[in-house]
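Below is work_31.pdb, which holds PDB, C-alpha atoms and all ligand atoms.
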```pdb
ATOM      1  CA  MET A   1    -126.960  11.898  74.430
ATOM      2  CA  LYS A   2    -123.652  13.134  73.064
ATOM      3  CA  ASN A   3    -123.050  16.889  73.134
ATOM      4  CA  LYS A   4    -123.884  17.545  69.496
ATOM      5  CA  VAL A   5    -127.500  17.350  68.333
ATOM      6  CA  HIS A   6    -127.638  15.518  65.019
ATOM      7  CA  VAL A   7    -130.150  17.099  62.684
ATOM      8  CA  PRO A   8    -132.098  14.598  60.537
ATOM      9  CA  PRO A   9    -132.485  14.915  56.748
ATOM     10  CA  ILE A  10    -136.272  15.424  56.930
ATOM     11  CA  LYS A  11    -137.604  18.794  58.131
ATOM     12  CA  ILE A  12    -140.992  19.374  59.712
ATOM     13  CA  GLN A  13    -142.872  22.288  61.254
ATOM     14  CA  GLY A  14    -142.512  22.176  65.037
ATOM     15  CA  ILE A  15    -139.197  20.304  64.835
ATOM     16  CA  LYS A  16    -137.753  19.971  68.344
ATOM     17  CA  THR A  17    -134.041  20.369  67.492
ATOM     18  CA  LYS A  18    -133.381  23.106  70.061
ATOM     19  CA  LEU A  19    -135.211  21.256  72.824
ATOM     20  CA  VAL A  20    -133.403  17.938  72.374
ATOM     21  CA  PRO A  21    -130.784  18.534  75.149
ATOM     22  CA  TRP A  22    -133.523  19.514  77.626
ATOM     23  CA  ILE A  23    -135.650  16.502  76.717
ATOM     24  CA  SER A  24    -132.616  14.229  76.845
ATOM     25  CA  GLU A  25    -131.549  15.280  80.317
ATOM     26  CA  ASN A  26    -135.016  14.614  81.712
ATOM     27  CA  VAL A  27    -135.914  11.218  80.241
ATOM     28  CA  GLU A  28    -135.588   8.180  82.463
ATOM     29  CA  ILE A  29    -133.956   5.496  80.413
ATOM     30  CA  THR A  30    -131.106   3.006  80.674
ATOM     31  CA  GLU A  31    -129.029   1.423  77.917
ATOM     32  CA  ASN A  32    -131.598  -1.399  77.764
ATOM     33  CA  THR A  33    -134.765   0.685  77.663
ATOM     34  CA  ARG A  34    -136.721   0.534  74.427
ATOM     35  CA  TRP A  35    -137.632   4.023  73.212
ATOM     36  CA  VAL A  36    -141.216   4.213  71.878
ATOM     37  CA  GLU A  37    -142.068   7.360  69.914
ATOM     38  CA  PRO A  38    -145.624   7.446  68.457
ATOM     39  CA  PHE A  39    -145.280  10.904  66.814
ATOM     40  CA  LEU A  40    -141.889  10.646  65.136
ATOM     41  CA  GLY A  41    -142.045  13.680  62.814
ATOM     42  CA  SER A  42    -138.507  14.374  61.601
ATOM     43  CA  GLY A  43    -137.059  11.961  64.181
ATOM     44  CA  VAL A  44    -134.737  14.544  65.730
ATOM     45  CA  VAL A  45    -135.618  13.611  69.317
ATOM     46  CA  GLY A  46    -135.469   9.837  69.086
ATOM     47  CA  PHE A  47    -132.448   9.736  66.773
ATOM     48  CA  ASN A  48    -130.478  11.677  69.395
ATOM     49  CA  VAL A  49    -131.869  10.212  72.601
ATOM     50  CA  ALA A  50    -132.905   6.586  71.940
ATOM     51  CA  ARG A  51    -130.499   3.813  72.838
ATOM     52  CA  LYS A  52    -130.092   0.445  71.164
ATOM     53  CA  ASN A  53    -133.792  -0.432  70.871
ATOM     54  CA  ALA A  54    -136.560   1.772  69.536
ATOM     55  CA  LEU A  55    -139.982   1.741  67.965
ATOM     56  CA  PHE A  56    -140.498   4.879  65.877
ATOM     57  CA  ALA A  57    -143.962   5.495  64.435
ATOM     58  CA  ASP A  58    -145.999   8.175  62.724
ATOM     59  CA  SER A  59    -149.283   8.371  60.821
ATOM     60  CA  ASN A  60    -147.439  10.013  57.912
ATOM     61  CA  PRO A  61    -146.470   7.164  55.581
ATOM     62  CA  HIS A  62    -143.877   9.238  53.716
ATOM     63  CA  THR A  63    -141.481   9.979  56.559
ATOM     64  CA  ILE A  64    -141.724   6.351  57.707
ATOM     65  CA  ALA A  65    -141.176   5.068  54.132
ATOM     66  CA  PHE A  66    -138.141   7.326  53.784
ATOM     67  CA  TYR A  67    -136.533   6.030  56.980
ATOM     68  CA  ASN A  68    -137.444   2.418  56.179
ATOM     69  CA  GLN A  69    -135.797   2.715  52.755
ATOM     70  CA  LEU A  70    -132.710   4.205  54.393
ATOM     71  CA  LYS A  71    -132.663   1.370  56.898
ATOM     72  CA  ASP A  72    -133.065  -1.231  54.125
ATOM     73  CA  LYS A  73    -130.300   0.513  52.117
ATOM     74  CA  LYS A  74    -132.661   1.158  49.187
ATOM     75  CA  ILE A  75    -131.710   4.792  49.720
ATOM     76  CA  THR A  76    -128.050   5.428  50.599
ATOM     77  CA  SER A  77    -125.942   8.537  51.078
ATOM     78  CA  SER A  78    -124.315   8.033  47.679
ATOM     79  CA  ILE A  79    -127.679   7.603  45.935
ATOM     80  CA  VAL A  80    -128.904  10.820  47.608
ATOM     81  CA  LYS A  81    -125.741  12.688  46.635
ATOM     82  CA  GLN A  82    -126.082  11.741  42.964
ATOM     83  CA  PHE A  83    -129.847  12.318  42.932
ATOM     84  CA  LEU A  84    -129.718  15.773  44.505
ATOM     85  CA  TYR A  85    -126.843  16.773  42.254
ATOM     86  CA  GLU A  86    -128.743  15.803  39.095
ATOM     87  CA  GLU A  87    -132.203  16.985  40.148
ATOM     88  CA  GLY A  88    -130.773  20.143  41.750
ATOM     89  CA  LYS A  89    -129.065  21.013  38.466
ATOM     90  CA  ILE A  90    -132.391  20.909  36.633
ATOM     91  CA  LEU A  91    -134.039  22.898  39.442
ATOM     92  CA  SER A  92    -131.400  25.603  39.089
ATOM     93  CA  GLU A  93    -132.233  25.888  35.361
ATOM     94  CA  LYS A  94    -136.023  25.562  35.471
ATOM     95  CA  GLY A  95    -136.977  26.679  39.020
ATOM     96  CA  GLN A  96    -140.647  26.492  39.931
ATOM     97  CA  GLU A  97    -141.604  24.563  36.798
ATOM     98  CA  TYR A  98    -139.284  21.724  37.808
ATOM     99  CA  TYR A  99    -140.326  21.808  41.474
ATOM    100  CA  ASN A 100    -143.957  21.408  40.351
ATOM    101  CA  TYR A 101    -142.935  18.576  38.050
ATOM    102  CA  VAL A 102    -141.226  16.660  40.902
ATOM    103  CA  ARG A 103    -144.177  17.358  43.202
ATOM    104  CA  ALA A 104    -146.605  15.890  40.631
ATOM    105  CA  ARG A 105    -144.246  12.916  40.127
ATOM    106  CA  PHE A 106    -144.128  12.348  43.893
ATOM    107  CA  ASN A 107    -147.912  12.587  44.214
ATOM    108  CA  GLU A 108    -148.207   9.969  41.461
ATOM    109  CA  GLU A 109    -145.402   7.555  42.419
ATOM    110  CA  GLN A 110    -144.716   8.384  46.094
ATOM    111  CA  ASN A 111    -140.995   7.779  45.784
ATOM    112  CA  PRO A 112    -139.333   8.626  49.172
ATOM    113  CA  ILE A 113    -136.311  10.219  47.505
ATOM    114  CA  ASP A 114    -138.636  12.686  45.731
ATOM    115  CA  PHE A 115    -140.135  13.378  49.157
ATOM    116  CA  LEU A 116    -136.659  14.342  50.396
ATOM    117  CA  PHE A 117    -136.119  16.604  47.374
ATOM    118  CA  LEU A 118    -139.456  18.367  47.961
ATOM    119  CA  ASN A 119    -139.003  18.616  51.715
ATOM    120  CA  ARG A 120    -135.636  20.322  51.222
ATOM    121  CA  SER A 121    -136.698  22.701  48.455
ATOM    122  CA  CYS A 122    -140.289  23.585  49.396
ATOM    123  CA  PHE A 123    -141.441  26.650  51.292
ATOM    124  CA  ASN A 124    -140.004  26.651  54.847
ATOM    125  CA  GLY A 125    -139.273  22.897  54.882
ATOM    126  CA  MET A 126    -142.917  22.127  55.578
ATOM    127  CA  ILE A 127    -144.769  18.855  55.311
ATOM    128  CA  ARG A 128    -148.410  19.282  54.347
ATOM    129  CA  PHE A 129    -150.877  17.047  52.553
ATOM    130  CA  ASN A 130    -154.390  17.806  51.380
ATOM    131  CA  ARG A 131    -157.522  15.685  51.773
ATOM    132  CA  LYS A 132    -156.610  13.695  48.709
ATOM    133  CA  PHE A 133    -153.265  12.742  50.302
ATOM    134  CA  LYS A 134    -151.416  15.045  47.893
ATOM    135  CA  PHE A 135    -148.335  16.956  49.008
ATOM    136  CA  ASN A 136    -149.272  20.593  48.440
ATOM    137  CA  VAL A 137    -146.496  22.774  49.871
ATOM    138  CA  PRO A 138    -145.446  25.497  47.389
ATOM    139  CA  TYR A 139    -141.969  26.015  46.001
ATOM    140  CA  GLY A 140    -139.417  27.719  48.274
ATOM    141  CA  HIS A 141    -138.199  29.897  45.385
ATOM    142  CA  LYS A 142    -134.533  29.079  45.807
ATOM    143  CA  PRO A 143    -133.408  27.718  42.431
ATOM    144  CA  GLN A 144    -129.815  27.318  43.680
ATOM    145  CA  ARG A 145    -131.083  25.308  46.645
ATOM    146  CA  PHE A 146    -129.028  22.221  45.938
ATOM    147  CA  ALA A 147    -125.647  23.899  45.828
ATOM    148  CA  GLN A 148    -122.694  21.660  46.658
ATOM    149  CA  ALA A 149    -122.519  22.713  50.332
ATOM    150  CA  TYR A 150    -126.216  22.027  50.892
ATOM    151  CA  ILE A 151    -126.000  18.592  49.261
ATOM    152  CA  THR A 152    -122.981  17.769  51.457
ATOM    153  CA  LYS A 153    -124.940  18.826  54.533
ATOM    154  CA  ILE A 154    -127.877  16.548  53.648
ATOM    155  CA  VAL A 155    -125.558  13.678  52.726
ATOM    156  CA  ASN A 156    -123.811  13.973  56.115
ATOM    157  CA  GLN A 157    -127.176  13.909  57.870
ATOM    158  CA  ILE A 158    -127.949  10.696  55.990
ATOM    159  CA  LYS A 159    -124.539   9.191  56.785
ATOM    160  CA  TYR A 160    -125.145   9.690  60.495
ATOM    161  CA  LEU A 161    -128.414   7.762  60.235
ATOM    162  CA  GLU A 162    -126.887   5.011  58.082
ATOM    163  CA  LEU A 163    -124.464   4.325  60.894
ATOM    164  CA  ALA A 164    -127.110   4.617  63.612
ATOM    165  CA  PHE A 165    -129.462   2.257  61.767
ATOM    166  CA  GLU A 166    -126.655  -0.273  61.386
ATOM    167  CA  GLN A 167    -125.605  -0.126  65.028
ATOM    168  CA  ASN A 168    -129.057  -0.163  66.610
ATOM    169  CA  ASN A 169    -132.243  -2.129  66.548
ATOM    170  CA  TRP A 170    -134.563   0.662  65.441
ATOM    171  CA  GLU A 171    -137.940  -0.202  63.955
ATOM    172  CA  PHE A 172    -140.186   2.138  61.931
ATOM    173  CA  LYS A 173    -143.946   1.750  61.594
ATOM    174  CA  CYS A 174    -146.637   3.805  59.942
ATOM    175  CA  GLN A 175    -149.513   3.580  62.382
ATOM    176  CA  SER A 176    -151.723   5.587  64.710
ATOM    177  CA  PHE A 177    -150.511   6.649  68.142
ATOM    178  CA  GLU A 178    -153.103   4.314  69.671
ATOM    179  CA  ASP A 179    -151.491   1.241  68.112
ATOM    180  CA  THR A 180    -147.991   2.381  69.052
ATOM    181  CA  ILE A 181    -148.801   3.052  72.698
ATOM    182  CA  LYS A 182    -150.595  -0.281  72.955
ATOM    183  CA  GLU A 183    -147.351  -1.957  71.856
ATOM    184  CA  ALA A 184    -145.372  -0.439  74.735
ATOM    185  CA  ASN A 185    -144.298  -2.696  77.601
ATOM    186  CA  THR A 186    -143.616  -1.863  81.246
ATOM    187  CA  ASP A 187    -139.883  -1.381  80.704
ATOM    188  CA  ASP A 188    -140.245   0.845  77.631
ATOM    189  CA  PHE A 189    -140.124   4.630  77.667
ATOM    190  CA  ILE A 190    -142.781   6.465  75.633
ATOM    191  CA  TYR A 191    -141.949   9.928  74.306
ATOM    192  CA  CYS A 192    -144.888  11.818  72.723
ATOM    193  CA  ASP A 193    -144.843  15.017  70.715
ATOM    194  CA  PRO A 194    -148.356  15.250  69.229
ATOM    195  CA  PRO A 195    -149.537  18.086  66.958
ATOM    196  CA  TYR A 196    -150.914  21.220  68.597
ATOM    197  CA  ILE A 197    -154.667  21.182  69.040
ATOM    198  CA  GLY A 198    -156.707  22.902  66.358
ATOM    199  CA  ARG A 199    -154.015  23.399  63.740
ATOM    200  CA  HIS A 200    -155.598  21.202  61.069
ATOM    201  CA  VAL A 201    -153.176  22.146  58.314
ATOM    202  CA  ASP A 202    -152.309  18.676  57.173
ATOM    203  CA  TYR A 203    -154.274  15.561  56.430
ATOM    204  CA  TYR A 204    -151.863  13.370  58.445
ATOM    205  CA  ASP A 205    -151.405  15.896  61.198
ATOM    206  CA  SER A 206    -154.721  17.101  62.614
ATOM    207  CA  TRP A 207    -155.443  17.008  66.325
ATOM    208  CA  ASP A 208    -158.526  17.732  68.414
ATOM    209  CA  GLU A 209    -159.789  17.323  71.971
ATOM    210  CA  GLU A 210    -160.903  13.772  71.359
ATOM    211  CA  ASN A 211    -157.336  12.863  70.357
ATOM    212  CA  GLU A 212    -155.926  14.625  73.406
ATOM    213  CA  LEU A 213    -158.264  12.740  75.754
ATOM    214  CA  ARG A 214    -157.529   9.450  74.068
ATOM    215  CA  LEU A 215    -153.788  10.056  74.282
ATOM    216  CA  HIS A 216    -154.114  10.865  77.972
ATOM    217  CA  GLU A 217    -156.152   7.736  78.659
ATOM    218  CA  LEU A 218    -153.677   5.491  76.858
ATOM    219  CA  LEU A 219    -150.624   7.018  78.526
ATOM    220  CA  ILE A 220    -152.111   6.971  82.020
ATOM    221  CA  ASN A 221    -153.125   3.341  81.605
ATOM    222  CA  SER A 222    -149.803   2.299  80.135
ATOM    223  CA  GLU A 223    -147.362   0.775  82.583
ATOM    224  CA  ALA A 224    -144.427   2.388  80.840
ATOM    225  CA  LYS A 225    -142.890   5.681  81.884
ATOM    226  CA  PHE A 226    -143.882   8.476  79.534
ATOM    227  CA  MET A 227    -142.948  12.020  78.631
ATOM    228  CA  LEU A 228    -145.195  14.358  76.644
ATOM    229  CA  SER A 229    -143.871  17.499  74.949
ATOM    230  CA  THR A 230    -146.350  20.319  74.695
ATOM    231  CA  TRP A 231    -146.660  24.068  75.025
ATOM    232  CA  ASP A 232    -147.651  25.802  78.244
ATOM    233  CA  ASN A 233    -148.249  29.421  77.353
ATOM    234  CA  ASN A 234    -147.142  32.299  75.153
ATOM    235  CA  GLU A 235    -147.810  36.019  75.182
ATOM    236  CA  TYR A 236    -151.417  35.512  74.232
ATOM    237  CA  ARG A 237    -152.629  32.093  75.254
ATOM    238  CA  LYS A 238    -152.390  29.350  77.819
ATOM    239  CA  ASN A 239    -152.706  25.632  77.151
ATOM    240  CA  GLU A 240    -155.884  24.886  79.130
ATOM    241  CA  TYR A 241    -155.391  21.142  78.858
ATOM    242  CA  LEU A 242    -152.516  21.282  81.331
ATOM    243  CA  ASP A 243    -154.909  22.360  84.091
ATOM    244  CA  THR A 244    -157.515  19.786  83.194
ATOM    245  CA  VAL A 245    -156.534  16.710  81.205
ATOM    246  CA  TRP A 246    -152.904  16.537  82.383
ATOM    247  CA  LYS A 247    -153.369  17.886  85.897
ATOM    248  CA  ASN A 248    -152.368  14.633  87.602
ATOM    249  CA  CYS A 249    -148.939  14.534  86.062
ATOM    250  CA  TYR A 250    -145.565  16.081  86.797
ATOM    251  CA  LYS A 251    -144.629  19.145  84.784
ATOM    252  CA  LEU A 252    -141.355  20.784  83.850
ATOM    253  CA  ASN A 253    -141.162  24.173  82.080
ATOM    254  CA  LYS A 254    -138.625  25.931  79.937
ATOM    255  CA  GLU A 255    -138.707  29.111  77.940
ATOM    256  CA  HIS A 256    -138.002  28.703  74.271
ATOM    257  CA  PHE A 257    -137.832  31.219  71.436
ATOM    258  CA  TYR A 258    -139.137  30.598  67.966
ATOM    259  CA  HIS A 259    -138.897  32.738  64.861
ATOM    260  CA  LEU A 260    -141.696  34.066  62.694
ATOM    261  CA  GLY A 261    -139.933  34.836  59.431
ATOM    262  CA  ALA A 262    -136.303  35.867  59.228
ATOM    263  CA  LYS A 263    -136.324  39.096  61.271
ATOM    264  CA  GLU A 264    -134.711  39.041  64.728
ATOM    265  CA  SER A 265    -137.539  41.286  65.995
ATOM    266  CA  ASN A 266    -139.941  38.445  65.220
ATOM    267  CA  ARG A 267    -138.341  36.242  67.863
ATOM    268  CA  LYS A 268    -141.241  35.131  70.069
ATOM    269  CA  PRO A 269    -141.064  33.512  73.506
ATOM    270  CA  MET A 270    -142.985  30.339  74.268
ATOM    271  CA  ILE A 271    -143.057  28.424  77.537
ATOM    272  CA  GLU A 272    -142.648  24.771  76.684
ATOM    273  CA  ALA A 273    -143.749  21.954  78.975
ATOM    274  CA  LEU A 274    -142.685  18.375  79.551
ATOM    275  CA  ILE A 275    -145.397  16.269  81.185
ATOM    276  CA  THR A 276    -144.366  12.990  82.811
ATOM    277  CA  ASN A 277    -145.758  10.198  84.964
ATOM    278  CA  TYR A 278    -142.540  10.067  87.015
ATOM    279  CA  LYS A 279    -140.940  12.598  89.259
ATOM    280  CA  ILE A 280    -138.094  14.276  87.442
ATOM    281  CA  THR A 281    -135.057  14.182  89.697
ATOM    282  CA  GLU A 282    -132.945  16.498  87.605
ATOM    283  CA  LYS A 283    -130.480  18.609  89.568
ATOM    284  CA  GLN A 284    -131.432  21.975  88.059
ATOM    285  CA  ILE A 285    -135.004  21.776  89.350
ATOM    286  CA  VAL A 286    -135.658  25.111  90.968
ATOM    287  CA  GLU A 287    -138.451  24.203  93.325
ATOM    288  CA  ARG A 288    -141.345  21.850  93.852
ATOM    289  CA  GLN A 289    -144.739  23.491  94.035
ATOM    290  CA  PRO A 290    -147.402  22.604  96.574
ATOM    291  CA  LYS A 291    -149.829  19.934  95.443
ATOM    292  CA  SER A 292    -152.697  20.947  93.170
ATOM    293  CA  GLN A 293    -151.150  24.226  92.108
ATOM    294  CA  TYR A 294    -149.889  25.048  88.717
ATOM    295  CA  ILE A 295    -147.073  27.450  88.368
ATOM    296  CA  GLN A 296    -148.426  30.612  86.798
ATOM    297  CA  MET A 297    -145.523  31.756  84.698
ATOM    298  CA  ASP A 298    -145.247  35.462  84.086
ATOM    299  CA  LEU A 299    -146.067  35.742  80.410
ATOM    300  CA  PHE A 300    -143.406  38.341  79.789
ATOM    301  CA  THR A 301    -140.494  36.871  81.734
ATOM    302  CA  THR A 302    -137.347  36.519  79.711
ATOM    303  CA  ILE A 303    -135.420  34.278  82.047
ATOM    304  CA  GLU A 304    -134.560  30.673  81.291
ATOM    305  CA  LYS A 305    -136.629  29.112  83.993
ATOM    306  CA  LYS A 306    -137.338  25.529  84.867
ATOM    307  CA  SER A 307    -139.885  24.326  87.319
ATOM    308  CA  THR A 308    -141.732  21.179  88.230
ATOM    309  CA  GLN A 309    -145.061  20.537  89.706
ATOM    310  CA  HIS A 310    -146.938  17.549  90.851
ATOM    311  CA  CYS A 311    -150.655  17.517  91.234
ATOM    312  CA  VAL A 312    -152.651  14.675  92.659
TER     313      VAL A 312
HETATM  314  C1  LIG B   1    -145.258  17.898  66.228
HETATM  315  S1  LIG B   1    -144.927  16.635  65.054
HETATM  316  C2  LIG B   1    -143.611  15.760  65.831
HETATM  317  C3  LIG B   1    -142.318  16.526  65.682
HETATM  318  C4  LIG B   1    -141.115  15.758  66.122
HETATM  319  N1  LIG B   1    -141.031  15.621  67.556
HETATM  320  C5  LIG B   1    -139.876  16.484  65.611
HETATM  321  O1  LIG B   1    -139.182  17.143  66.398
HETATM  322  O2  LIG B   1    -139.612  16.410  64.415
HETATM  323  C6  LIG B   1    -146.290  15.588  65.210
HETATM  324  C7  LIG B   1    -146.248  14.338  64.354
HETATM  325  O3  LIG B   1    -147.369  13.530  64.713
HETATM  326  C8  LIG B   1    -147.851  12.882  63.557
HETATM  327  N2  LIG B   1    -149.256  12.528  63.830
HETATM  328  C9  LIG B   1    -150.350  13.331  63.774
HETATM  329  N3  LIG B   1    -151.461  12.642  64.110
HETATM  330  C10 LIG B   1    -151.050  11.384  64.403
HETATM  331  C11 LIG B   1    -151.741  10.204  64.824
HETATM  332  N4  LIG B   1    -153.067  10.191  64.992
HETATM  333  N5  LIG B   1    -151.006   9.060  65.044
HETATM  334  C12 LIG B   1    -149.655   9.071  64.832
HETATM  335  N6  LIG B   1    -148.967  10.161  64.426
HETATM  336  C13 LIG B   1    -149.654  11.297  64.221
HETATM  337  C14 LIG B   1    -147.663  13.877  62.434
HETATM  338  O4  LIG B   1    -147.591  13.239  61.179
HETATM  339  C15 LIG B   1    -146.344  14.561  62.848
HETATM  340  O5  LIG B   1    -145.271  13.943  62.210
END
```

Could you render the structure from this file as structure tokens?
Amino acid sequence: MKNKVHVPPIKIQGIKTKLVPWISENVEITENTRWVEPFLGSGVVGFNVARKNALFADSNPHTIAFYNQLKDKKITSSIVKQFLYEEGKILSEKGQEYYNYVRARFNEEQNPIDFLFLNRSCFNGMIRFNRKFKFNVPYGHKPQRFAQAYITKIVNQIKYLELAFEQNNWEFKCQSFEDTIKEANTDDFIYCDPPYIGRHVDYYDSWDEENELRLHELLINSEAKFMLSTWDNNEYRKNEYLDTVWKNCYKLNKEHFYHLGAKESNRKPMIEALITNYKITEKQIVERQPKSQYIQMDLFTTIEKKSTQHCV
């Protein structure tokens, strides 16, 4: 990965932008490894870490359709620039009424460029669909959202991908994680960032124990190397699945802060985890733990701490 993390044009809750360097320095890939990512989301991880060959997949048809149209040049940076300029102008005059109009148009026609417009002007850059497959995120209440500087920012994000899609052999598929993992070969590297268990906020993005067990079974039985991103613990809770379902894997931890709202006082710590089926040989590893023991992180530590474990 180059030093700069390139942010993609699509936003999603749980986007891993800040964790990309950490993930990147701990994957085990060569220039020839195919990157297989069953839970693409915004694409921020794969678009920064994957090499020449990649299979990117997600159950959400709209993110995949957007990236496929970009790849096929049906959507280009100049089309986006013009579109956001024109639509943004109407949004600045009509506000919520126009946002609702575009949302209804998208739910009727499912045009990926409308999806981009909504994703960048809705509340908190969320992606959420109801049971009837309708996008239902409310307006972000920023009528001047598509000011010139913001359009330029989005257009530059698209330009980066235009170049990347031209230079690489990156494939996009809308399919379940089961199908994607089954497509992985021995020499591929699988990176997984599934939804958090029990969130159930989105039709395309629900996750339960059955999914977690199925994901584990598929990854353990795959001959490819894999890395799973998940959470370990926060001030209140611990991810119990790490001590049960994933106990036979290697684990690396890092503290990460996320924001609830805009206030600095709402900056909350979270211990993130990377679970792998290979021993991470990264130089910053602090220590290896004895077999069968999980590291019990102090819930209130504020240090940037990394650790690995291996249980058998
Ligand atoms: C936590 S997000 C991934 C975020 C991504 N790593 C990023 O940084 O933008 C999880 C993704 O998994 C997708 N997903 C949920 N259930 C899925 C399933 N059964 N098969 C494939 N993808 C699924 C969701 O649509 C969502 O995009």

Could you give me, as a PyMOL selection string, every polymer residue with an atom at most 8 Å away from an atom of ligand LIG 1 (chain B), counting all atoms listed in the file?
-> chain A and resi 11-17+38-45+57-60+63+174-178+192-196+204-207+211

Would you work out the distance separating CA of Asp187 in chain A from CA of Ala224 in chain A, expressed in Å to one decimal?
->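 Separating CA of Asp187 in chain A from CA of Ala224 in chain A is a distance of 5.9 Å.
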
From the list A:Ile275, A:Leu252, A:Ile158, A:Leu84, which residue is nearest Phe47 in chain A when using all atoms listed in the file?
-> A:Ile158

Evaluate the PyMOL selection byres (((chain A and resi 56) around 7) and not hetatm) and report residues as a list in words =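 So the PyMOL selection byres (((chain A and resi 56) around 7) and not hetatm), applied here, picks out Val36, Glu37, Pro38, Leu40, Ala54, Leu55, Ala57, Glu171, Phe172 and Lys173 of chain A.
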
Residues just named, written with C-alpha atoms as a CSV table (one decimal), in the frame of the given file:
```
chain,number,residue,atom,x,y,z
A,36,VAL,CA,-141.2,4.2,71.9
A,37,GLU,CA,-142.1,7.4,69.9
A,38,PRO,CA,-145.6,7.4,68.5
A,40,LEU,CA,-141.9,10.6,65.1
A,54,ALA,CA,-136.6,1.8,69.5
A,55,LEU,CA,-140.0,1.7,68.0
A,57,ALA,CA,-144.0,5.5,64.4
A,171,GLU,CA,-137.9,-0.2,64.0
A,172,PHE,CA,-140.2,2.1,61.9
A,173,LYS,CA,-143.9,1.8,61.6
```

So how many Å separate CA of Met270 in chain A and CA of His256 in chain A, to one decimal?
->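 Taking CA of Met270 in chain A as the start and CA of His256 in chain A as the end point, the length is 5.2 Å.
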
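Between CA of Lys225 in chain A and CA of Arg51 in chain A lies a distance of 15.5 Å.
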
The PyMOL selection byres (((chain A and resi 99) around 9) and not hetatm) resolved against shown file, as number ranges by chain = A: 91, 94-98, 100-104, 117-118, 121-122, 138-139

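Among the candidates A:Ile271, A:Val20, A:Cys249, A:Ile280, the one nearest to Glu235 in chain A when counting only C-alpha atoms is A:Ile271.
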
Best match for closeness to Thr230 in chain A among A:Phe135, A:Leu19, A:Asp179, A:Lys73, counting only C-alpha atoms =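 Under the stated criterion, the closest residue is A:Leu19.
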
Pick from A:Ala65, A:Val155, A:Ala164, A:Ile23: nearest to Ala273 in chain A, with all atoms listed in the file counted?
->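 The shortest atom-to-atom distance to Ala273 in chain A comes from A:Ile23.
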
Excluding Ile75 in chain A and any residue of its chain fewer than 6 positions from it, enumerate the residues within 12 Å of it, using all atoms listed in the file, and give them as a VMD selection string.
-> chain A and resid 65 to 69 81 to 83 111 to 114 116 155 158 to 159 161 to 162

Save the residues we just selected, C-alpha atoms, as a compact mmCIF listing (two decimals), in the coordinates of the input?
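This is the output file out_31.txt:
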```txt
# COMPACT_ATOMS: atom_id res chain seq x y z
CA ALA A 65 -141.18 5.07 54.13
CA PHE A 66 -138.14 7.33 53.78
CA TYR A 67 -136.53 6.03 56.98
CA ASN A 68 -137.44 2.42 56.18
CA GLN A 69 -135.80 2.72 52.76
CA LYS A 81 -125.74 12.69 46.64
CA GLN A 82 -126.08 11.74 42.96
CA PHE A 83 -129.85 12.32 42.93
CA ASN A 111 -141.00 7.78 45.78
CA PRO A 112 -139.33 8.63 49.17
CA ILE A 113 -136.31 10.22 47.50
CA ASP A 114 -138.64 12.69 45.73
CA LEU A 116 -136.66 14.34 50.40
CA VAL A 155 -125.56 13.68 52.73
CA ILE A 158 -127.95 10.70 55.99
CA LYS A 159 -124.54 9.19 56.78
CA LEU A 161 -128.41 7.76 60.24
CA GLU A 162 -126.89 5.01 58.08
```

Nearest residue to Ala147 in chain A from the set A:Ile90, A:Ile190, A:Leu218, A:Val27 (distances using all atoms listed in the file) | A:Ile90

Skipping near chain neighbours, those fewer than 2 positions away, what residues fall within 12 Å of Asp188 in chain A using all atoms listed in the file, listed as a ChimeraX atom specification?
-> /A:27-37,50-51,53-55,180-186,190-191,222-227

Run through the PyMOL selection byres (((chain A and resi 234) around 9) and not hetatm) on the given coordinates and return the selected residues as a PDB file with C-alpha atoms, keeping the file's coordinate frame.
```
ATOM      1  CA  TRP A 231    -146.660  24.068  75.025  1.00  0.00           C
ATOM      2  CA  ASP A 232    -147.651  25.802  78.244  1.00  0.00           C
ATOM      3  CA  ASN A 233    -148.249  29.421  77.353  1.00  0.00           C
ATOM      4  CA  GLU A 235    -147.810  36.019  75.182  1.00  0.00           C
ATOM      5  CA  TYR A 236    -151.417  35.512  74.232  1.00  0.00           C
ATOM      6  CA  ARG A 237    -152.629  32.093  75.254  1.00  0.00           C
ATOM      7  CA  LYS A 238    -152.390  29.350  77.819  1.00  0.00           C
ATOM      8  CA  ASN A 239    -152.706  25.632  77.151  1.00  0.00           C
ATOM      9  CA  LYS A 268    -141.241  35.131  70.069  1.00  0.00           C
ATOM     10  CA  PRO A 269    -141.064  33.512  73.506  1.00  0.00           C
ATOM     11  CA  MET A 270    -142.985  30.339  74.268  1.00  0.00           C
ATOM     12  CA  ILE A 271    -143.057  28.424  77.537  1.00  0.00           C
ATOM     13  CA  GLU A 272    -142.648  24.771  76.684  1.00  0.00           C
ATOM     14  CA  LEU A 299    -146.067  35.742  80.410  1.00  0.00           C
ATOM     15  CA  PHE A 300    -143.406  38.341  79.789  1.00  0.00           C
TER      16      PHE A 300
END
```

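Each of A:Asn124, A:Gln157, A:Thr244, A:Gln144 was compared to Val7 in chain A using only C-alpha atoms, and A:Gln157 turns out to be the nearest.
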